[in-house]
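Novice: Data: query24.cif, mmCIF, C-alpha atoms.
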data_work
loop_
_atom_site.group_PDB
_atom_site.id
_atom_site.type_symbol
_atom_site.label_atom_id
_atom_site.label_comp_id
_atom_site.auth_asym_id
_atom_site.auth_seq_id
_atom_site.Cartn_x
_atom_site.Cartn_y
_atom_site.Cartn_z
ATOM 1 C CA MET A 746 -72.316 23.630 -107.625
ATOM 2 C CA LEU A 747 -72.794 27.361 -108.200
ATOM 3 C CA VAL A 748 -70.959 28.915 -111.126
ATOM 4 C CA GLU A 749 -69.258 31.406 -108.811
ATOM 5 C CA LYS A 750 -67.842 28.581 -106.684
ATOM 6 C CA ARG A 751 -66.644 26.697 -109.740
ATOM 7 C CA LEU A 752 -65.028 29.864 -111.072
ATOM 8 C CA ASN A 753 -63.252 30.370 -107.771
ATOM 9 C CA SER A 754 -62.004 26.794 -107.826
ATOM 10 C CA LEU A 755 -60.404 27.506 -111.213
ATOM 11 C CA LYS A 756 -58.367 30.243 -109.567
ATOM 12 C CA SER A 757 -56.251 27.625 -107.845
ATOM 13 C CA ALA A 758 -54.908 26.514 -111.218
ATOM 14 C CA SER A 759 -52.825 29.606 -111.794
ATOM 15 C CA PRO A 760 -50.073 28.896 -114.305
ATOM 16 C CA SER A 761 -46.592 29.379 -112.951
ATOM 17 C CA GLY A 762 -43.210 29.646 -114.606
ATOM 18 C CA ASP A 763 -39.599 30.510 -113.960
ATOM 19 C CA PRO A 764 -39.186 34.290 -114.448
ATOM 20 C CA ASP A 765 -35.389 34.015 -114.872
ATOM 21 C CA LEU A 766 -35.748 31.441 -117.633
ATOM 22 C CA PHE A 767 -38.451 33.588 -119.203
ATOM 23 C CA ILE A 768 -36.177 36.652 -119.180
ATOM 24 C CA THR A 769 -33.371 34.661 -120.835
ATOM 25 C CA ASP A 770 -35.745 33.470 -123.575
ATOM 26 C CA LEU A 771 -37.176 36.961 -123.933
ATOM 27 C CA LYS A 772 -33.760 38.527 -124.503
ATOM 28 C CA GLY A 773 -32.883 35.855 -127.046
ATOM 29 C CA GLU A 774 -36.074 36.543 -128.938
ATOM 30 C CA MET A 775 -35.494 40.298 -128.873
ATOM 31 C CA ILE A 776 -31.992 39.822 -130.336
ATOM 32 C CA ARG A 777 -33.382 37.491 -133.018
ATOM 33 C CA ARG A 778 -36.076 39.986 -134.009
ATOM 34 C CA SER A 779 -33.619 42.847 -134.035
ATOM 35 C CA ARG A 780 -31.367 40.896 -136.448
ATOM 36 C CA ARG A 781 -34.307 40.080 -138.691
ATOM 37 C CA ARG A 782 -35.335 43.719 -138.750
ATOM 38 C CA GLN A 783 -31.774 44.736 -139.671
ATOM 39 C CA ASN A 784 -31.711 42.122 -142.455
ATOM 40 C CA LEU A 785 -34.991 43.431 -143.774
ATOM 41 C CA MET A 786 -33.758 47.012 -143.697
ATOM 42 C CA THR A 787 -30.585 45.971 -145.520
ATOM 43 C CA SER A 788 -32.632 44.190 -148.195
ATOM 44 C CA VAL A 789 -34.991 47.134 -148.621
ATOM 45 C CA SER A 790 -32.035 49.540 -148.830
ATOM 46 C CA GLY A 791 -30.407 47.287 -151.451
ATOM 47 C CA PHE A 792 -33.614 47.263 -153.447
ATOM 48 C CA VAL A 793 -33.895 51.051 -153.289
ATOM 49 C CA VAL A 794 -30.260 51.443 -154.394
ATOM 50 C CA ALA A 795 -30.844 49.036 -157.309
ATOM 51 C CA ILE A 796 -33.909 51.025 -158.381
ATOM 52 C CA ALA A 797 -31.951 54.272 -158.073
ATOM 53 C CA ILE A 798 -29.149 52.868 -160.251
ATOM 54 C CA GLY A 799 -31.728 51.677 -162.782
ATOM 55 C CA VAL A 800 -33.373 55.085 -162.887
ATOM 56 C CA GLY A 801 -29.946 56.755 -163.146
ATOM 57 C CA LEU A 802 -28.987 54.552 -166.093
ATOM 58 C CA TYR A 803 -32.287 55.256 -167.787
ATOM 59 C CA ILE A 804 -31.866 59.009 -167.359
ATOM 60 C CA ASN A 805 -28.365 58.831 -168.834
ATOM 61 C CA ASN A 806 -29.605 56.774 -171.759
ATOM 62 C CA PRO A 807 -33.253 57.582 -172.388
ATOM 63 C CA ASN A 808 -33.294 55.686 -175.688
ATOM 64 C CA PRO A 809 -32.854 52.000 -174.729
ATOM 65 C CA GLU A 810 -34.158 50.861 -178.153
ATOM 66 C CA SER A 811 -30.772 51.618 -179.674
ATOM 67 C CA ILE A 812 -29.147 49.161 -177.258
ATOM 68 C CA LEU A 813 -31.859 46.519 -177.712
ATOM 69 C CA SER A 814 -31.657 46.706 -181.497
ATOM 70 C CA SER A 815 -27.919 46.114 -181.347
ATOM 71 C CA ILE A 816 -28.466 42.724 -179.651
ATOM 72 C CA ASP A 817 -28.596 39.819 -182.075
ATOM 73 C CA MET A 818 -31.754 38.003 -180.895
ATOM 74 C CA SER A 819 -31.084 35.058 -183.171
ATOM 75 C CA GLN A 820 -28.294 34.056 -180.757
ATOM 76 C CA ALA A 821 -30.789 33.914 -177.907
ATOM 77 C CA ILE A 822 -33.218 31.487 -179.599
ATOM 78 C CA ILE A 823 -32.764 27.934 -178.383
ATOM 79 C CA ASP A 824 -32.483 25.388 -181.143
ATOM 80 C CA LEU A 825 -34.782 22.586 -179.938
ATOM 81 C CA SER A 826 -34.001 20.381 -182.889
ATOM 82 C CA SER A 827 -30.405 19.919 -181.836
ATOM 83 C CA GLU A 828 -29.257 17.312 -179.325
ATOM 84 C CA THR A 829 -29.585 18.404 -175.726
ATOM 85 C CA ASP A 830 -26.354 19.453 -174.218
ATOM 86 C CA SER A 831 -25.974 17.672 -170.857
ATOM 87 C CA LEU A 832 -23.932 20.592 -169.520
ATOM 88 C CA ASN A 833 -26.848 22.947 -170.236
ATOM 89 C CA VAL A 834 -29.299 20.610 -168.459
ATOM 90 C CA PHE A 835 -27.043 20.658 -165.421
ATOM 91 C CA ASP A 836 -26.905 24.428 -165.578
ATOM 92 C CA ASP A 837 -30.689 24.607 -165.857
ATOM 93 C CA GLU A 838 -31.146 22.354 -162.845
ATOM 94 C CA GLN A 839 -28.666 24.367 -160.890
ATOM 95 C CA PHE A 840 -30.445 27.507 -161.908
ATOM 96 C CA LEU A 841 -33.792 26.013 -160.831
ATOM 97 C CA LEU A 842 -32.414 24.902 -157.462
ATOM 98 C CA ALA A 843 -30.792 28.272 -156.928
ATOM 99 C CA SER A 844 -34.115 29.944 -157.772
ATOM 100 C CA ILE A 845 -35.952 27.758 -155.244
ATOM 101 C CA ASP A 846 -33.320 28.580 -152.626
ATOM 102 C CA TYR A 847 -33.764 32.236 -153.392
ATOM 103 C CA VAL A 848 -37.566 32.077 -153.053
ATOM 104 C CA VAL A 849 -37.305 30.154 -149.765
ATOM 105 C CA GLU A 850 -34.835 32.678 -148.413
ATOM 106 C CA ARG A 851 -37.153 35.524 -149.414
ATOM 107 C CA THR A 852 -40.022 33.857 -147.534
ATOM 108 C CA GLU A 853 -38.100 34.700 -144.389
ATOM 109 C CA LEU A 854 -37.957 38.242 -145.679
ATOM 110 C CA PHE A 855 -41.734 38.339 -146.132
ATOM 111 C CA GLY A 856 -42.129 37.035 -142.563
ATOM 112 C CA SER A 857 -39.954 39.859 -141.316
ATOM 113 C CA ALA A 858 -41.965 42.332 -143.326
ATOM 114 C CA TRP A 859 -45.162 41.206 -141.674
ATOM 115 C CA GLU A 860 -43.541 41.376 -138.257
ATOM 116 C CA LEU A 861 -42.419 44.890 -139.054
ATOM 117 C CA VAL A 862 -45.949 45.865 -140.093
ATOM 118 C CA ASP A 863 -47.174 44.373 -136.808
ATOM 119 C CA ASP A 864 -44.586 46.412 -134.948
ATOM 120 C CA LEU A 865 -45.618 49.587 -136.703
ATOM 121 C CA SER A 866 -49.273 49.042 -135.814
ATOM 122 C CA LEU A 867 -48.118 48.414 -132.237
ATOM 123 C CA TYR A 868 -46.458 51.813 -132.101
ATOM 124 C CA GLU A 869 -49.735 53.337 -133.261
ATOM 125 C CA ASN A 870 -51.399 51.647 -130.283
ATOM 126 C CA LEU A 871 -48.787 52.800 -127.829
ATOM 127 C CA GLU A 872 -48.598 56.368 -129.055
ATOM 128 C CA THR A 873 -52.318 57.063 -129.221
ATOM 129 C CA ASN A 874 -52.774 57.220 -125.498
ATOM 130 C CA GLU A 875 -52.573 53.431 -125.185
ATOM 131 C CA THR A 876 -56.099 52.927 -126.480
ATOM 132 C CA ILE A 877 -57.583 49.483 -126.424
ATOM 133 C CA TYR A 878 -59.630 47.730 -129.018
ATOM 134 C CA LEU A 879 -62.117 45.164 -127.806
ATOM 135 C CA GLU A 880 -63.730 43.102 -130.455
ATOM 136 C CA GLU A 881 -67.407 42.317 -130.149
ATOM 137 C CA ARG A 882 -68.266 38.737 -130.914
ATOM 138 C CA SER A 883 -70.669 38.445 -133.789
ATOM 139 C CA MET B 221 -39.041 50.565 -105.363
ATOM 140 C CA ARG B 222 -42.324 51.281 -107.138
ATOM 141 C CA ASP B 223 -43.009 50.506 -110.784
ATOM 142 C CA ARG B 224 -43.083 54.191 -111.602
ATOM 143 C CA GLU B 225 -39.561 54.714 -110.331
ATOM 144 C CA LEU B 226 -38.297 51.658 -112.194
ATOM 145 C CA VAL B 227 -39.833 52.964 -115.414
ATOM 146 C CA LYS B 228 -38.220 56.369 -114.891
ATOM 147 C CA ARG B 229 -34.843 54.706 -114.369
ATOM 148 C CA PHE B 230 -35.375 52.708 -117.557
ATOM 149 C CA GLN B 231 -36.249 55.874 -119.441
ATOM 150 C CA ASN B 232 -33.061 57.475 -118.130
ATOM 151 C CA GLY B 233 -30.995 54.710 -119.671
ATOM 152 C CA ASP B 234 -30.797 52.057 -116.925
ATOM 153 C CA GLU B 235 -32.122 49.120 -118.940
ATOM 154 C CA GLU B 236 -31.174 46.613 -116.234
ATOM 155 C CA VAL B 237 -34.342 47.507 -114.312
ATOM 156 C CA PHE B 238 -36.434 45.988 -117.084
ATOM 157 C CA ASP B 239 -35.663 42.533 -115.653
ATOM 158 C CA GLU B 240 -37.113 43.617 -112.315
ATOM 159 C CA LEU B 241 -40.305 44.860 -113.995
ATOM 160 C CA VAL B 242 -40.658 41.548 -115.823
ATOM 161 C CA LYS B 243 -40.116 39.537 -112.632
ATOM 162 C CA ARG B 244 -42.782 41.541 -110.804
ATOM 163 C CA HIS B 245 -45.458 41.162 -113.446
ATOM 164 C CA TYR B 246 -44.585 37.883 -115.153
ATOM 165 C CA THR B 247 -46.852 35.541 -113.180
ATOM 166 C CA SER B 248 -49.982 37.679 -113.334
ATOM 167 C CA THR B 249 -49.444 38.445 -117.038
ATOM 168 C CA LEU B 250 -48.909 34.771 -117.841
ATOM 169 C CA GLY B 251 -52.070 33.890 -115.877
ATOM 170 C CA LEU B 252 -54.143 36.480 -117.708
ATOM 171 C CA LEU B 253 -52.879 35.461 -121.147
ATOM 172 C CA THR B 254 -53.277 31.746 -120.483
ATOM 173 C CA ARG B 255 -56.902 32.328 -119.546
ATOM 174 C CA LEU B 256 -57.632 34.663 -122.419
ATOM 175 C CA SER B 257 -55.951 32.469 -125.024
ATOM 176 C CA GLY B 258 -57.391 29.257 -123.611
ATOM 177 C CA ASN B 259 -54.164 27.303 -123.103
ATOM 178 C CA ARG B 260 -50.756 27.565 -121.516
ATOM 179 C CA MET B 261 -48.681 27.180 -124.684
ATOM 180 C CA ASP B 262 -50.325 30.170 -126.348
ATOM 181 C CA GLY B 263 -50.182 31.995 -123.009
ATOM 182 C CA ASP B 264 -46.390 31.577 -122.947
ATOM 183 C CA ASP B 265 -45.985 32.882 -126.499
ATOM 184 C CA LEU B 266 -48.295 35.835 -125.925
ATOM 185 C CA CYS B 267 -46.521 36.672 -122.670
ATOM 186 C CA GLN B 268 -43.245 36.950 -124.571
ATOM 187 C CA GLU B 269 -44.910 39.160 -127.171
ATOM 188 C CA VAL B 270 -46.332 41.414 -124.460
ATOM 189 C CA PHE B 271 -42.987 42.011 -122.757
ATOM 190 C CA ILE B 272 -41.254 42.656 -126.088
ATOM 191 C CA ARG B 273 -43.867 45.333 -126.758
ATOM 192 C CA VAL B 274 -43.437 46.706 -123.244
ATOM 193 C CA TYR B 275 -39.672 46.937 -123.783
ATOM 194 C CA ARG B 276 -40.091 48.783 -127.066
ATOM 195 C CA GLY B 277 -42.823 51.071 -125.781
ATOM 196 C CA LEU B 278 -41.414 51.840 -122.339
ATOM 197 C CA LYS B 279 -39.279 54.777 -123.478
ATOM 198 C CA GLY B 280 -42.420 56.465 -124.821
ATOM 199 C CA TYR B 281 -44.602 55.619 -121.817
ATOM 200 C CA LYS B 282 -46.133 58.880 -120.610
ATOM 201 C CA PHE B 283 -47.401 57.930 -117.130
ATOM 202 C CA GLN B 284 -50.971 58.741 -118.126
ATOM 203 C CA SER B 285 -52.064 55.594 -116.342
ATOM 204 C CA LYS B 286 -50.525 53.224 -113.813
ATOM 205 C CA PHE B 287 -47.857 50.928 -115.258
ATOM 206 C CA SER B 288 -49.960 47.871 -114.398
ATOM 207 C CA THR B 289 -52.962 49.362 -116.237
ATOM 208 C CA TRP B 290 -50.775 50.007 -119.287
ATOM 209 C CA LEU B 291 -49.406 46.468 -119.090
ATOM 210 C CA TYR B 292 -52.935 45.041 -118.868
ATOM 211 C CA ARG B 293 -53.931 47.068 -121.936
ATOM 212 C CA ILE B 294 -51.026 45.766 -123.961
ATOM 213 C CA SER B 295 -51.786 42.211 -122.788
ATOM 214 C CA ILE B 296 -55.429 42.487 -123.785
ATOM 215 C CA ASN B 297 -54.535 44.004 -127.166
ATOM 216 C CA VAL B 298 -52.122 41.135 -127.792
ATOM 217 C CA ALA B 299 -54.734 38.580 -126.669
ATOM 218 C CA ASN B 300 -57.405 40.164 -128.900
ATOM 219 C CA SER B 301 -55.048 40.209 -131.846
ATOM 220 C CA HIS B 302 -54.314 36.514 -131.229
ATOM 221 C CA HIS B 303 -58.056 35.822 -130.985
ATOM 222 C CA ARG B 304 -58.662 37.453 -134.384
ATOM 223 C CA LYS B 305 -55.804 35.518 -135.993
ATOM 224 C CA GLU B 306 -57.126 32.268 -134.505
ATOM 225 C CA LYS B 307 -60.578 32.954 -135.958
ATOM 226 C CA VAL B 308 -59.068 33.407 -139.414
ATOM 227 C CA ARG B 309 -56.849 30.340 -138.975
ATOM 228 C CA LYS B 310 -59.847 28.202 -138.007
ATOM 229 C CA LEU B 311 -61.552 29.175 -141.263
ATOM 230 C CA PHE B 312 -58.797 27.469 -143.238
ATOM 231 C CA PHE B 313 -57.447 24.781 -140.946
ATOM 232 C CA THR B 314 -58.997 22.170 -138.716
ATOM 233 C CA ASN B 315 -59.053 22.879 -135.008
ATOM 234 C CA HIS B 316 -55.929 21.727 -133.218
ATOM 235 C CA GLU B 317 -55.884 20.411 -129.677
ATOM 236 C CA PRO B 318 -53.508 22.394 -127.467
ATOM 237 C CA GLU B 319 -50.375 20.484 -126.567
ATOM 238 C CA ASN B 320 -50.231 19.012 -123.096
ATOM 239 C CA LEU B 321 -47.666 20.349 -120.680
ATOM 240 C CA PRO B 322 -45.005 18.128 -119.085
ATOM 241 C CA GLU B 323 -46.278 16.050 -116.160
ATOM 242 C CA ASP B 324 -44.409 18.023 -113.499
ATOM 243 C CA GLU B 325 -46.343 21.189 -114.411
ATOM 244 C CA PRO B 326 -49.432 22.042 -112.316
ATOM 245 C CA PRO B 327 -52.757 21.281 -114.034
ATOM 246 C CA GLU B 328 -54.068 23.882 -116.429
ATOM 247 C CA PRO B 329 -57.399 25.573 -115.615
ATOM 248 C CA ARG B 330 -58.981 23.793 -118.583
ATOM 249 C CA GLU B 331 -58.072 20.430 -117.038
ATOM 250 C CA LEU B 332 -59.693 21.219 -113.674
ATOM 251 C CA ASP B 333 -63.179 21.970 -114.950
ATOM 252 C CA PRO B 334 -63.329 21.394 -118.715
ATOM 253 C CA GLU B 335 -67.054 22.134 -119.008
ATOM 254 C CA LEU B 336 -66.820 25.518 -117.324
ATOM 255 C CA TRP B 337 -63.542 26.317 -119.085
ATOM 256 C CA GLN B 338 -65.091 25.692 -122.481
ATOM 257 C CA ALA B 339 -68.111 27.805 -121.547
ATOM 258 C CA ILE B 340 -65.767 30.675 -120.639
ATOM 259 C CA GLN B 341 -63.900 30.318 -123.933
ATOM 260 C CA ASN B 342 -67.208 30.571 -125.806
ATOM 261 C CA LEU B 343 -68.171 33.874 -124.183
ATOM 262 C CA PRO B 344 -68.033 37.028 -126.300
ATOM 263 C CA GLN B 345 -64.494 38.416 -126.133
ATOM 264 C CA LYS B 346 -65.436 41.500 -124.127
ATOM 265 C CA GLN B 347 -67.366 39.525 -121.520
ATOM 266 C CA LYS B 348 -64.594 36.949 -121.256
ATOM 267 C CA THR B 349 -62.043 39.709 -120.685
ATOM 268 C CA VAL B 350 -64.127 41.400 -117.982
ATOM 269 C CA LEU B 351 -64.829 38.071 -116.252
ATOM 270 C CA THR B 352 -61.150 37.082 -116.357
ATOM 271 C CA LEU B 353 -59.991 40.399 -114.939
ATOM 272 C CA ARG B 354 -62.626 40.265 -112.213
ATOM 273 C CA ILE B 355 -62.423 36.630 -111.111
ATOM 274 C CA PHE B 356 -58.884 35.537 -111.897
ATOM 275 C CA GLN B 357 -56.942 38.797 -111.647
ATOM 276 C CA GLU B 358 -59.177 39.906 -108.741
ATOM 277 C CA LEU B 359 -59.431 43.482 -109.987
ATOM 278 C CA ARG B 360 -62.080 45.945 -108.867
ATOM 279 C CA PHE B 361 -64.649 47.126 -111.421
ATOM 280 C CA LYS B 362 -63.104 50.587 -111.291
ATOM 281 C CA GLN B 363 -59.729 49.159 -112.358
ATOM 282 C CA ILE B 364 -61.345 47.004 -115.052
ATOM 283 C CA ALA B 365 -63.148 50.060 -116.393
ATOM 284 C CA ALA B 366 -59.860 51.988 -116.529
ATOM 285 C CA ILE B 367 -58.085 49.156 -118.344
ATOM 286 C CA LEU B 368 -60.829 48.573 -120.883
ATOM 287 C CA ASP B 369 -61.647 52.235 -121.299
ATOM 288 C CA MET B 370 -65.293 51.801 -120.372
ATOM 289 C CA THR B 371 -67.519 53.041 -117.563
ATOM 290 C CA GLU B 372 -67.593 51.191 -114.257
ATOM 291 C CA ASN B 373 -71.254 50.441 -114.863
ATOM 292 C CA SER B 374 -70.497 48.941 -118.244
ATOM 293 C CA ALA B 375 -67.863 46.686 -116.673
ATOM 294 C CA LYS B 376 -70.422 45.493 -114.104
ATOM 295 C CA VAL B 377 -73.049 44.871 -116.783
ATOM 296 C CA ASN B 378 -70.578 42.862 -118.874
ATOM 297 C CA TYR B 379 -69.585 40.832 -115.827
ATOM 298 C CA HIS B 380 -73.179 40.013 -114.883
ATOM 299 C CA HIS B 381 -74.014 39.096 -118.484
ATOM 300 C CA SER B 382 -71.019 36.775 -118.595
ATOM 301 C CA VAL B 383 -71.998 34.980 -115.378
ATOM 302 C CA LYS B 384 -75.617 34.726 -116.573
ATOM 303 C CA LYS B 385 -74.465 33.257 -119.880
ATOM 304 C CA LEU B 386 -72.218 30.755 -118.103
ATOM 305 C CA LYS B 387 -75.164 29.640 -115.956
ATOM 306 C CA GLU B 388 -77.309 29.189 -119.041
ATOM 307 C CA THR B 389 -74.588 27.258 -120.850
ATOM 308 C CA ILE B 390 -73.874 24.796 -118.078
ATOM 309 C CA GLY B 391 -77.550 24.486 -117.203
ATOM 310 C CA GLU B 392 -77.604 26.021 -113.760
ATOM 311 C CA ASP B 393 -80.684 28.162 -114.362
#
Could you spell out this file's structure in structure tokens?
Specialist:
Amino acid sequence: MLVEKRLNSLKSASPSGDPDLFITDLKGEMIRRSRRRQNLMTSVSGFVVAIAIGVGLYINNPNPESILSSIDMSQAIIDLSSETDSLNVFDDEQFLLASIDYVVERTELFGSAWELVDDLSLYENLETNETIYLEERS
Amino acid sequence: MRDRELVKRFQNGDEEVFDELVKRHYTSTLGLLTRLSGNRMDGDDLCQEVFIRVYRGLKGYKFQSKFSTWLYRISINVANSHHRKEKVRKLFFTNHEPENLPEDEPPEPRELDPELWQAIQNLPQKQKTVLTLRIFQELRFKQIAAILDMTENSAKVNYHHSVKKLKETIGED
């Protein structure tokens, strides 16, 4: 059979779907993305505020050595020779689990960041006269 | 009401008309993206991505081209972006078979003529896009040229190269 005829026969297999269901899903996804973007913005703002506070504290006290020298480091050294305190082990485990939770939660944040970068590159596409990029196959 | 008027109403704050735009263009967009991505599941996901981008970009749409041309451009950009990501993914992960659709769904193009379908998927991206727009979306070369920002002659050349390559691949020459 000629290629052209076979191509035309493929036309009959046009995918179909329910537009109303699609619109419902689409709106749900747009709300979800909007929330993620807001969460990301909140996190970034929080980070910026924390940095600003840090910088502010540093400016007000440009000589942190005086504070550091006042801390008795001998209190911070763990005595490994002594018997392990079960309460401390529990605290350590809790700390570890909390750290893992934190990292997992931040993974979502990284995902949002990438989506945001994608969005920003989209706006470049849309604003520059809707140019198209067609990749040549190597 | 024409697309242009719907877009103007959207830009004036009537966001309800977006649903009407989606309904008008959903089937053809889904068809295009299913063929460019190679399977229905990816086609569905890409279709959602396209209309999210349309929604976000519609306020800034400047009527420099027809709405359908603009929509095709976004669709092809999304499909190309997906194609690039898939190439990277295949470098690190083994190839996955697309999931089959439920039985009540009509057969996918790849199920009707797997040999030809695979040959189309193996075409260079530009040729595959031109062929898909010409055969499956039934667009004229002039429209294809406008969408892909190329000359009409270049669109024709790409189309003929794609058909020639398909013939070579499936051994018709």
Novice: At a cut-off of 7 Å, can you tabulate as a tab-separated table every residue of chain B near chain A together with its closest atom pair and the distance in Å to one decimal, using all atoms listed in the file and ordering rows by chain then number?
Specialist:
residue	atom	partner	partner_atom	distance
B:Asp239	CA	A:Ile768	CA	6.9
B:Lys243	CA	A:Pro764	CA	5.6
B:Tyr246	CA	A:Pro764	CA	6.5
B:Thr247	CA	A:Ser761	CA	6.2
B:Leu250	CA	A:Pro760	CA	7.0
B:Gly251	CA	A:Pro760	CA	5.6
B:Gln268	CA	A:Leu771	CA	6.1
B:Ile272	CA	A:Met775	CA	6.8
B:Gly277	CA	A:Leu871	CA	6.5
B:Arg293	CA	A:Ile877	CA	6.3
B:Asn297	CA	A:Ile877	CA	6.3
B:Asn300	CA	A:Leu879	CA	7.0
B:Pro327	CA	A:Ala758	CA	6.3
B:Glu328	CA	A:Ala758	CA	5.9
B:Pro329	CA	A:Ala758	CA	5.1
B:Leu332	CA	A:Leu755	CA	6.8
B:Pro344	CA	A:Arg882	CA	4.9
B:Gln345	CA	A:Arg882	CA	6.1
B:Lys346	CA	A:Leu879	CA	6.2
B:Phe356	CA	A:Lys756	CA	5.8
B:Leu368	CA	A:Ile877	CA	6.5
B:Lys387	CA	A:Val748	CA	6.4
Novice: I need the residues from that last selection saved to file as an mmCIF file, in the frame of the given file (with C-alpha atoms), if you can.
Specialist:
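Produced file selection01.cif, reproduced below:
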data_model
loop_
_atom_site.group_PDB
_atom_site.id
_atom_site.type_symbol
_atom_site.label_atom_id
_atom_site.label_comp_id
_atom_site.auth_asym_id
_atom_site.auth_seq_id
_atom_site.Cartn_x
_atom_site.Cartn_y
_atom_site.Cartn_z
ATOM 1 C CA ASP B 239 -35.663 42.533 -115.653
ATOM 2 C CA LYS B 243 -40.116 39.537 -112.632
ATOM 3 C CA TYR B 246 -44.585 37.883 -115.153
ATOM 4 C CA THR B 247 -46.852 35.541 -113.180
ATOM 5 C CA LEU B 250 -48.909 34.771 -117.841
ATOM 6 C CA GLY B 251 -52.070 33.890 -115.877
ATOM 7 C CA GLN B 268 -43.245 36.950 -124.571
ATOM 8 C CA ILE B 272 -41.254 42.656 -126.088
ATOM 9 C CA GLY B 277 -42.823 51.071 -125.781
ATOM 10 C CA ARG B 293 -53.931 47.068 -121.936
ATOM 11 C CA ASN B 297 -54.535 44.004 -127.166
ATOM 12 C CA ASN B 300 -57.405 40.164 -128.900
ATOM 13 C CA PRO B 327 -52.757 21.281 -114.034
ATOM 14 C CA GLU B 328 -54.068 23.882 -116.429
ATOM 15 C CA PRO B 329 -57.399 25.573 -115.615
ATOM 16 C CA LEU B 332 -59.693 21.219 -113.674
ATOM 17 C CA PRO B 344 -68.033 37.028 -126.300
ATOM 18 C CA GLN B 345 -64.494 38.416 -126.133
ATOM 19 C CA LYS B 346 -65.436 41.500 -124.127
ATOM 20 C CA PHE B 356 -58.884 35.537 -111.897
ATOM 21 C CA LEU B 368 -60.829 48.573 -120.883
ATOM 22 C CA LYS B 387 -75.164 29.640 -115.956
#
Novice: Near B:Arg229, within 12 Å and counting only C-alpha atoms, which residues show up once chain neighbours fewer than 4 positions away are dropped, as number ranges by chain?
Specialist: B: 221-225, 233-238, 240-241, 278-279
Novice: Residues as selected, C-alpha atoms, written as an mmCIF file, in the frame of the given file, can you do that?
Specialist:
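File result22.cif, as written:
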data_model
loop_
_atom_site.group_PDB
_atom_site.id
_atom_site.type_symbol
_atom_site.label_atom_id
_atom_site.label_comp_id
_atom_site.auth_asym_id
_atom_site.auth_seq_id
_atom_site.Cartn_x
_atom_site.Cartn_y
_atom_site.Cartn_z
ATOM 1 C CA MET B 221 -39.041 50.565 -105.363
ATOM 2 C CA ARG B 222 -42.324 51.281 -107.138
ATOM 3 C CA ASP B 223 -43.009 50.506 -110.784
ATOM 4 C CA ARG B 224 -43.083 54.191 -111.602
ATOM 5 C CA GLU B 225 -39.561 54.714 -110.331
ATOM 6 C CA GLY B 233 -30.995 54.710 -119.671
ATOM 7 C CA ASP B 234 -30.797 52.057 -116.925
ATOM 8 C CA GLU B 235 -32.122 49.120 -118.940
ATOM 9 C CA GLU B 236 -31.174 46.613 -116.234
ATOM 10 C CA VAL B 237 -34.342 47.507 -114.312
ATOM 11 C CA PHE B 238 -36.434 45.988 -117.084
ATOM 12 C CA GLU B 240 -37.113 43.617 -112.315
ATOM 13 C CA LEU B 241 -40.305 44.860 -113.995
ATOM 14 C CA LEU B 278 -41.414 51.840 -122.339
ATOM 15 C CA LYS B 279 -39.279 54.777 -123.478
#
Novice: Rounded to one decimal in Å, what is the spacing between atom CA of B:Glu306 and atom CA of B:Ser257?
Specialist: 9.6 Å
Novice: In Å, with one decimal, what is the gap from atom CA of B:Asn342 to atom CA of B:Asn378?
Specialist: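 That distance, rounded to one decimal, is 14.5 Å.
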Novice: With only C-alpha atoms as the atoms that count, which of B:Arg309, B:Arg276, B:Lys384, B:Glu358 lies nearest to A:Ser779?
Specialist: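 The answer is B:Arg276, which sits nearest to A:Ser779.
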Novice: Rounded to one decimal place, report the atom CA of B:Phe283-atom CA of B:Val227 distance in Å.
Specialist: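 Separation of atom CA of B:Phe283 and atom CA of B:Val227: 9.2 Å.
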Novice: Which residue, B:Ser285, B:Ser295, B:Asn232, B:Thr254, has the smallest gap to B:Val270 when you use only C-alpha atoms?
Specialist: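 Checking each candidate against B:Val270, we get B:Ser295 as the closest.
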